[in-house]
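A.B. asks: Below is the structure I would like to discuss, written out as structure tokens.
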Amino acid sequence: MTRILFSDKLDNCVAKWRSAGLTVIGPVQGESLSSYATVERGTDLHLGLVLPDRSLKELFFPQTEPMLRYTIKKNEIETADFTAPSAPRIIFGARPCDASGLAIDDPLFGWDYKDEYWFQRRKESVIVTIACTKADDFCMCTSLKLAPDSTKGADVLLRPLDKNRGWLVEELTERGREAFVIISEYLQEGSETALPTVEVPEKFNLDACVTWLQNPENFDSKFWKEISMRCIGCASCTYLCPTCHCFDIQDEGDTYSGIRRKNWDSCSFALFTMHTSGHNPRSTQSARWRQRIMHKFNYFPGKFSVNSCSGCGRCSRQCPVDMGITETLQEISKL
Amino acid sequence: MITQEKYRTTVKELLANGSIKMAIGYRPGSTSDRRRPLFIRTSEEADQLVLDSTCITNLSGYLVTEGLLSDEKRVGIFLRPEGIRSINILAAEYQLNVDQIIIFGFDFTGREVRALQGQTTGDFSALLSEIRENPPLATKEPLLERIEKMNAKERFDFWQQEFSRCIKCYACRQACPMCYCRRCIVDSNQPQWVNTSSHTLGNFEWNVVRAFHLSGRCVQCGNCDRACPVNIPLRLINQRMAKEVVDGFDHFAGLSPTQEPVLASFKKDDTETFIL
Ligand code: SF4
Ligand code: SF4
Ligand code: SF4
Ligand code: SF4
Ligand code: SF4
């Protein structure tokens, strides 16, 4: 016997969570873009999307965020901190790759300095993922040793029943259990079988790629130039990525007062590593693309023992010149 | 198919006899409706060339890649009429020398691909003049019509809504052949002209600055629009600005490599007392 949440109860659940003070967020297809957005009713959720265009990371690490307000006076500088807004929430229908992305970034944001903005939101968010029963050509979680039903980063995993009737409920954490206690009156016991998850073919041999990347000789391989020749150096791939986490700190305002903000930044930009002197240690796009790959599959795992990629495929899906992690690792697999 | 085969042969010949050092074209992408830019330097690479109605990206931006043309050797490139116009603008703005460019022109009607006759920009002037008479602006865009009917306030709100999605990835800029500045105004931080933050104001500043910088220069290739990961209908802004420039200055950009840039030239007897 397992617990089942039937789809026709979803509206009631959303209402119940909302009345318990939780903001309910989930995949929503807008007029021209899909993203994780706040909903008022269960029927506002678009649970049939392969995955939203925009990733889950931005609910934890927004594209721009105020950190402090400053005023420079004659004898002193006054500052006032912005803290992350306190808002308990439940994210219903996240994809496993998006939830994994959060778990991948946790050690990074908690390493030498504990990023309060990230952890405040992490603490207050319940992540309910739904195992995938469909994928597109770009999905590649399995190549990263994850799966369409991986539980990484999730508090509750739901497994879909046939005909969109509902889901089997697998509570994974205490936080998840608490959130489902709120809606327990709408859950039923049953012995249904869930739909099988989608088969996502493995696209490359990750271990072979990592070995190649770890070999210092390959840092200067001409492979980098060839593979990235068409890269135009935008930040689409990094900004849509659920694990890319680079940011810049900028003061905005006039000479005497303003706001210090934390803004997304990207290793694809030439400006990213530009020194004040004008010297740029990553002066070419190929050096920048190499950095993105090395960071994800060599440096990051070296430090945190996990690859900085969850296989969502967004980088390849959205690239204006049809590049992406998949192609690069496929080509490395062949070397 | 026939056009593609013919062009493969031409590229091979020109590479073999040293007329060009490279040709920039298209090859298959990760799905059947996607094409990847291809840099052809060998006969084997020429065999990867694809030319069909999915080859819509304007490739001309690659020509101003640092160092590509500095050895004065020639480069071939596959271009549709918009691409030829952008080469002319790049030349008029002293970004490249048209004598170094061999054009492999093509266009399509529906799914049918045909070659355009000619090799240098001059060969296409009749074609471009024709486009001027029947500009792509004339193509009816339902969304554009909707926007035209709005009053100023509604229009402002519409764009504010659209720009609110912008994440400042600068894919529009990077994809645009006309955005070749070595240091874009938004990357300049001494002083910081434009907020780097991607909030309402910062997004508005960025998109308005870009619209102004593209006025009288945009060729409506749509690269920006297709590159935008959050699907902002950027082409409409630049289309509208192009129309303003045609109406106000009788200037249709990209007709020839010597055409004076409309907003980057001035005359001593200009009646205006202020230069924007
Ligand atoms: S990459 Fe895997 S987990 Fe992500 S949407 Fe595709 S199938 Fe699901
Ligand atoms: S790989 Fe694609 S999305 Fe990423 S920077 Fe290069 S062109 Fe942009
Ligand atoms: S690198 Fe690409 S596939 Fe991996 S998590 Fe980021 S966007 Fe997804
Ligand atoms: S602004 Fe857009 S449509 Fe115009 S030339 Fe640039 S990329 Fe092409
Ligand atoms: S491509 Fe779109 S999201 Fe990116 S900077 Fe341009 S308008 Fe903004």
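Letters for chains follow the order of the structure tokens (A, B, ...), residue numbers begin at 1 for each chain, and ligand numbers begin at 1 in the order shown.
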Counting only C-alpha atoms and all ligand atoms, which protein, DNA or RNA residues come within 7 Å of ligand 1, given as a list in words?
C.D. replies: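 Counting only C-alpha atoms and all ligand atoms, the residues within 7 Å of ligand 1 come out as Val50, Leu51, Arg95, Pro96, Cys97, Asp98, Ala131, Cys132, Lys134, Ala135, Asp136, Cys139, Met140, Cys141, Thr142, Ala147, Pro148, Asp149, Val198, Val200, Gly311, Cys312 and Gly313 of chain A.
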A.B. asks: Store the residues picked out above in a file with N, CA, C and O atoms, as a PDB file, in the first residue's frame.
C.D. replies:
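The resulting file, again-v3.pdb, is shown below:
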```pdb
ATOM      1  N   VAL A  50       7.762  19.191 -20.555  1.00  0.00           N
ATOM      2  CA  VAL A  50       8.952  18.371 -20.324  1.00  0.00           C
ATOM      3  C   VAL A  50       9.728  18.997 -19.166  1.00  0.00           C
ATOM      4  O   VAL A  50      10.040  18.352 -18.183  1.00  0.00           O
ATOM      5  N   LEU A  51      10.015  20.276 -19.303  1.00  0.00           N
ATOM      6  CA  LEU A  51      10.520  21.062 -18.176  1.00  0.00           C
ATOM      7  C   LEU A  51      10.400  22.526 -18.552  1.00  0.00           C
ATOM      8  O   LEU A  51      10.375  22.850 -19.740  1.00  0.00           O
ATOM      9  N   ARG A  95      11.091  19.475 -11.777  1.00  0.00           N
ATOM     10  CA  ARG A  95      11.704  18.323 -12.424  1.00  0.00           C
ATOM     11  C   ARG A  95      12.890  17.858 -11.588  1.00  0.00           C
ATOM     12  O   ARG A  95      13.593  18.695 -10.984  1.00  0.00           O
ATOM     13  N   PRO A  96      13.154  16.547 -11.579  1.00  0.00           N
ATOM     14  CA  PRO A  96      14.272  16.027 -10.791  1.00  0.00           C
ATOM     15  C   PRO A  96      15.608  16.711 -11.118  1.00  0.00           C
ATOM     16  O   PRO A  96      16.418  16.932 -10.219  1.00  0.00           O
ATOM     17  N   CYS A  97      15.828  17.056 -12.395  1.00  0.00           N
ATOM     18  CA  CYS A  97      17.109  17.692 -12.719  1.00  0.00           C
ATOM     19  C   CYS A  97      17.206  19.077 -12.095  1.00  0.00           C
ATOM     20  O   CYS A  97      18.284  19.520 -11.703  1.00  0.00           O
ATOM     21  N   ASP A  98      16.076  19.788 -12.002  1.00  0.00           N
ATOM     22  CA  ASP A  98      16.101  21.102 -11.369  1.00  0.00           C
ATOM     23  C   ASP A  98      16.349  20.985  -9.873  1.00  0.00           C
ATOM     24  O   ASP A  98      17.100  21.770  -9.293  1.00  0.00           O
ATOM     25  N   ALA A 131       8.412  12.571 -11.109  1.00  0.00           N
ATOM     26  CA  ALA A 131       9.257  11.758 -11.989  1.00  0.00           C
ATOM     27  C   ALA A 131       8.807  11.953 -13.437  1.00  0.00           C
ATOM     28  O   ALA A 131       7.618  12.100 -13.718  1.00  0.00           O
ATOM     29  N   CYS A 132       9.779  11.953 -14.365  1.00  0.00           N
ATOM     30  CA  CYS A 132       9.457  12.271 -15.760  1.00  0.00           C
ATOM     31  C   CYS A 132       8.961  11.041 -16.508  1.00  0.00           C
ATOM     32  O   CYS A 132       9.589   9.984 -16.466  1.00  0.00           O
ATOM     33  N   LYS A 134       8.037  11.804 -19.759  1.00  0.00           N
ATOM     34  CA  LYS A 134       8.451  12.156 -21.118  1.00  0.00           C
ATOM     35  C   LYS A 134       9.688  13.038 -21.066  1.00  0.00           C
ATOM     36  O   LYS A 134       9.948  13.700 -20.067  1.00  0.00           O
ATOM     37  N   ALA A 135      10.432  13.006 -22.164  1.00  0.00           N
ATOM     38  CA  ALA A 135      11.672  13.782 -22.244  1.00  0.00           C
ATOM     39  C   ALA A 135      11.767  14.296 -23.671  1.00  0.00           C
ATOM     40  O   ALA A 135      10.994  13.875 -24.531  1.00  0.00           O
ATOM     41  N   ASP A 136      12.700  15.194 -23.930  1.00  0.00           N
ATOM     42  CA  ASP A 136      12.910  15.594 -25.326  1.00  0.00           C
ATOM     43  C   ASP A 136      14.338  15.211 -25.740  1.00  0.00           C
ATOM     44  O   ASP A 136      15.052  14.567 -24.976  1.00  0.00           O
ATOM     45  N   CYS A 139      17.256  16.197 -23.153  1.00  0.00           N
ATOM     46  CA  CYS A 139      17.365  15.695 -21.776  1.00  0.00           C
ATOM     47  C   CYS A 139      18.548  14.738 -21.685  1.00  0.00           C
ATOM     48  O   CYS A 139      18.729  13.888 -22.562  1.00  0.00           O
ATOM     49  N   MET A 140      19.340  14.850 -20.624  1.00  0.00           N
ATOM     50  CA  MET A 140      20.493  13.958 -20.510  1.00  0.00           C
ATOM     51  C   MET A 140      20.877  13.674 -19.066  1.00  0.00           C
ATOM     52  O   MET A 140      22.049  13.459 -18.758  1.00  0.00           O
ATOM     53  N   CYS A 141      19.884  13.644 -18.184  1.00  0.00           N
ATOM     54  CA  CYS A 141      20.154  13.356 -16.766  1.00  0.00           C
ATOM     55  C   CYS A 141      20.908  12.041 -16.599  1.00  0.00           C
ATOM     56  O   CYS A 141      21.826  11.943 -15.787  1.00  0.00           O
ATOM     57  N   THR A 142      20.540  11.041 -17.395  1.00  0.00           N
ATOM     58  CA  THR A 142      21.152   9.718 -17.236  1.00  0.00           C
ATOM     59  C   THR A 142      22.649   9.751 -17.565  1.00  0.00           C
ATOM     60  O   THR A 142      23.419   8.982 -16.998  1.00  0.00           O
ATOM     61  N   ALA A 147      18.769  10.455 -12.846  1.00  0.00           N
ATOM     62  CA  ALA A 147      17.699   9.720 -13.508  1.00  0.00           C
ATOM     63  C   ALA A 147      16.426  10.548 -13.529  1.00  0.00           C
ATOM     64  O   ALA A 147      16.298  11.505 -12.765  1.00  0.00           O
ATOM     65  N   PRO A 148      15.477  10.192 -14.410  1.00  0.00           N
ATOM     66  CA  PRO A 148      14.187  10.898 -14.453  1.00  0.00           C
ATOM     67  C   PRO A 148      13.413  10.760 -13.144  1.00  0.00           C
ATOM     68  O   PRO A 148      12.399  11.413 -12.970  1.00  0.00           O
ATOM     69  N   ASP A 149      13.872   9.892 -12.249  1.00  0.00           N
ATOM     70  CA  ASP A 149      13.204   9.817 -10.944  1.00  0.00           C
ATOM     71  C   ASP A 149      14.225   9.950  -9.818  1.00  0.00           C
ATOM     72  O   ASP A 149      14.061   9.384  -8.747  1.00  0.00           O
ATOM     73  N   VAL A 198      10.527   7.713 -18.188  1.00  0.00           N
ATOM     74  CA  VAL A 198      10.956   7.753 -19.583  1.00  0.00           C
ATOM     75  C   VAL A 198      12.385   7.209 -19.699  1.00  0.00           C
ATOM     76  O   VAL A 198      13.189   7.348 -18.792  1.00  0.00           O
ATOM     77  N   VAL A 200      15.822   7.694 -20.951  1.00  0.00           N
ATOM     78  CA  VAL A 200      16.664   8.773 -21.477  1.00  0.00           C
ATOM     79  C   VAL A 200      18.003   8.152 -21.868  1.00  0.00           C
ATOM     80  O   VAL A 200      18.756   7.707 -21.012  1.00  0.00           O
ATOM     81  N   GLY A 311      22.176  17.718 -16.031  1.00  0.00           N
ATOM     82  CA  GLY A 311      21.710  17.105 -17.265  1.00  0.00           C
ATOM     83  C   GLY A 311      20.374  17.585 -17.777  1.00  0.00           C
ATOM     84  O   GLY A 311      19.722  16.891 -18.567  1.00  0.00           O
ATOM     85  N   CYS A 312      19.961  18.779 -17.387  1.00  0.00           N
ATOM     86  CA  CYS A 312      18.648  19.267 -17.832  1.00  0.00           C
ATOM     87  C   CYS A 312      18.611  19.561 -19.322  1.00  0.00           C
ATOM     88  O   CYS A 312      17.552  19.629 -19.930  1.00  0.00           O
ATOM     89  N   GLY A 313      19.785  19.807 -19.912  1.00  0.00           N
ATOM     90  CA  GLY A 313      19.858  20.040 -21.347  1.00  0.00           C
ATOM     91  C   GLY A 313      19.534  21.451 -21.792  1.00  0.00           C
ATOM     92  O   GLY A 313      19.544  21.748 -22.994  1.00  0.00           O
TER      93      GLY A 313
END
```
A.B. asks: Please report, as a VMD selection string, each residue of range 170-327 of chain A to which DSSP assigns strand (DSSP E or B) when run on this structure's backbone.
C.D. replies: chain A and resid 170 to 171 187 to 190 247 to 253 257 to 264
A.B. asks: Restricting the output to N, CA and C atoms, write the selected residues as a short mmCIF file (atom, residue, chain, number, x, y, z; two decimals), in the first residue's frame.
C.D. replies:
```
data_model
loop_
_atom_site.label_atom_id
_atom_site.label_comp_id
_atom_site.auth_asym_id
_atom_site.auth_seq_id
_atom_site.Cartn_x
_atom_site.Cartn_y
_atom_site.Cartn_z
N GLU A 170 6.03 9.65 -2.51
CA GLU A 170 7.19 9.15 -1.76
C GLU A 170 7.77 10.31 -0.97
N GLU A 171 7.54 10.30 0.32
CA GLU A 171 8.08 11.38 1.16
C GLU A 171 9.53 11.07 1.47
N LEU A 187 -5.20 12.71 0.70
CA LEU A 187 -4.41 11.56 0.23
C LEU A 187 -5.18 10.28 0.48
N GLN A 188 -4.98 9.30 -0.40
CA GLN A 188 -5.67 8.02 -0.23
C GLN A 188 -4.66 6.89 -0.21
N GLU A 189 -4.99 5.85 0.50
CA GLU A 189 -4.16 4.66 0.46
C GLU A 189 -4.57 3.85 -0.77
N GLY A 190 -3.62 3.19 -1.39
CA GLY A 190 -3.99 2.40 -2.56
C GLY A 190 -2.85 1.50 -2.97
N PHE A 247 28.25 35.15 -9.80
CA PHE A 247 27.60 36.46 -9.67
C PHE A 247 28.65 37.55 -9.50
N ASP A 248 28.17 38.75 -9.65
CA ASP A 248 29.01 39.93 -9.57
C ASP A 248 28.37 40.83 -8.53
N ILE A 249 29.18 41.60 -7.82
CA ILE A 249 28.58 42.53 -6.86
C ILE A 249 28.78 43.94 -7.36
N GLN A 250 27.69 44.66 -7.47
CA GLN A 250 27.71 45.98 -8.10
C GLN A 250 27.06 47.02 -7.20
N ASP A 251 27.65 48.20 -7.15
CA ASP A 251 27.01 49.30 -6.43
C ASP A 251 26.27 50.14 -7.45
N GLU A 252 25.01 50.40 -7.14
CA GLU A 252 24.19 51.14 -8.07
C GLU A 252 23.68 52.39 -7.37
N GLY A 253 23.89 53.52 -7.99
CA GLY A 253 23.42 54.75 -7.36
C GLY A 253 24.35 55.88 -7.74
N SER A 257 24.93 57.79 -2.37
CA SER A 257 24.02 56.78 -1.85
C SER A 257 23.65 55.80 -2.95
N GLY A 258 23.28 54.64 -2.53
CA GLY A 258 22.92 53.65 -3.54
C GLY A 258 22.63 52.31 -2.91
N ILE A 259 22.55 51.32 -3.79
CA ILE A 259 22.23 49.97 -3.35
C ILE A 259 23.30 49.03 -3.88
N ARG A 260 23.77 48.17 -3.03
CA ARG A 260 24.72 47.15 -3.48
C ARG A 260 23.91 45.92 -3.86
N ARG A 261 24.16 45.40 -5.08
CA ARG A 261 23.37 44.29 -5.57
C ARG A 261 24.24 43.11 -5.97
N LYS A 262 23.61 41.96 -5.93
CA LYS A 262 24.26 40.72 -6.35
C LYS A 262 23.60 40.33 -7.67
N ASN A 263 24.35 40.37 -8.76
CA ASN A 263 23.80 40.13 -10.09
C ASN A 263 24.42 38.90 -10.74
N TRP A 264 23.64 38.17 -11.49
CA TRP A 264 24.19 37.03 -12.24
C TRP A 264 25.36 37.51 -13.10
#
```
A.B. asks: Would you list the contacts of range 160-176 of chain B as number ranges by chain, taking every protein, DNA or RNA residue within 8 Å and counting only C-alpha atoms, but skipping same-chain residues closer than 6 positions in sequence?
C.D. replies: A: 63, 232-236, 239, 320; B: 61, 198-200, 203-204, 207, 223-225, 227-230, 232
A.B. asks: What do you get as a list in words if you pick all residues at most 8 Å from ligand 2, counting only C-alpha atoms and all ligand atoms?
C.D. replies: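 Checking only C-alpha atoms and all ligand atoms against ligand 2 at 8 Å gives Ser228, Arg230, Cys231, Ile232, Gly233, Cys234, Ala235, Ser236, Cys237, Thr238, Ser268, Phe269, Trp289, Cys315, Ser316, Gln318, Cys319, Pro320, Val321, Asp322, Met323, Gly324 and Ile325 of chain A; Ala171 of chain B.
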A.B. asks: Rank B:Ile237, B:Met150, B:Met22, B:Val194 by their smallest atom-to-atom distance to chain A, using only C-alpha atoms, and report the top residue only.
C.D. replies: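 For chain A, the nearest of the given residues is B:Val194.
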A.B. asks: Work out how far CA of Ile104 in chain A is from CA of Ser266 in chain A, in Å to one decimal.
C.D. replies: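 The value is 18.0 Å.
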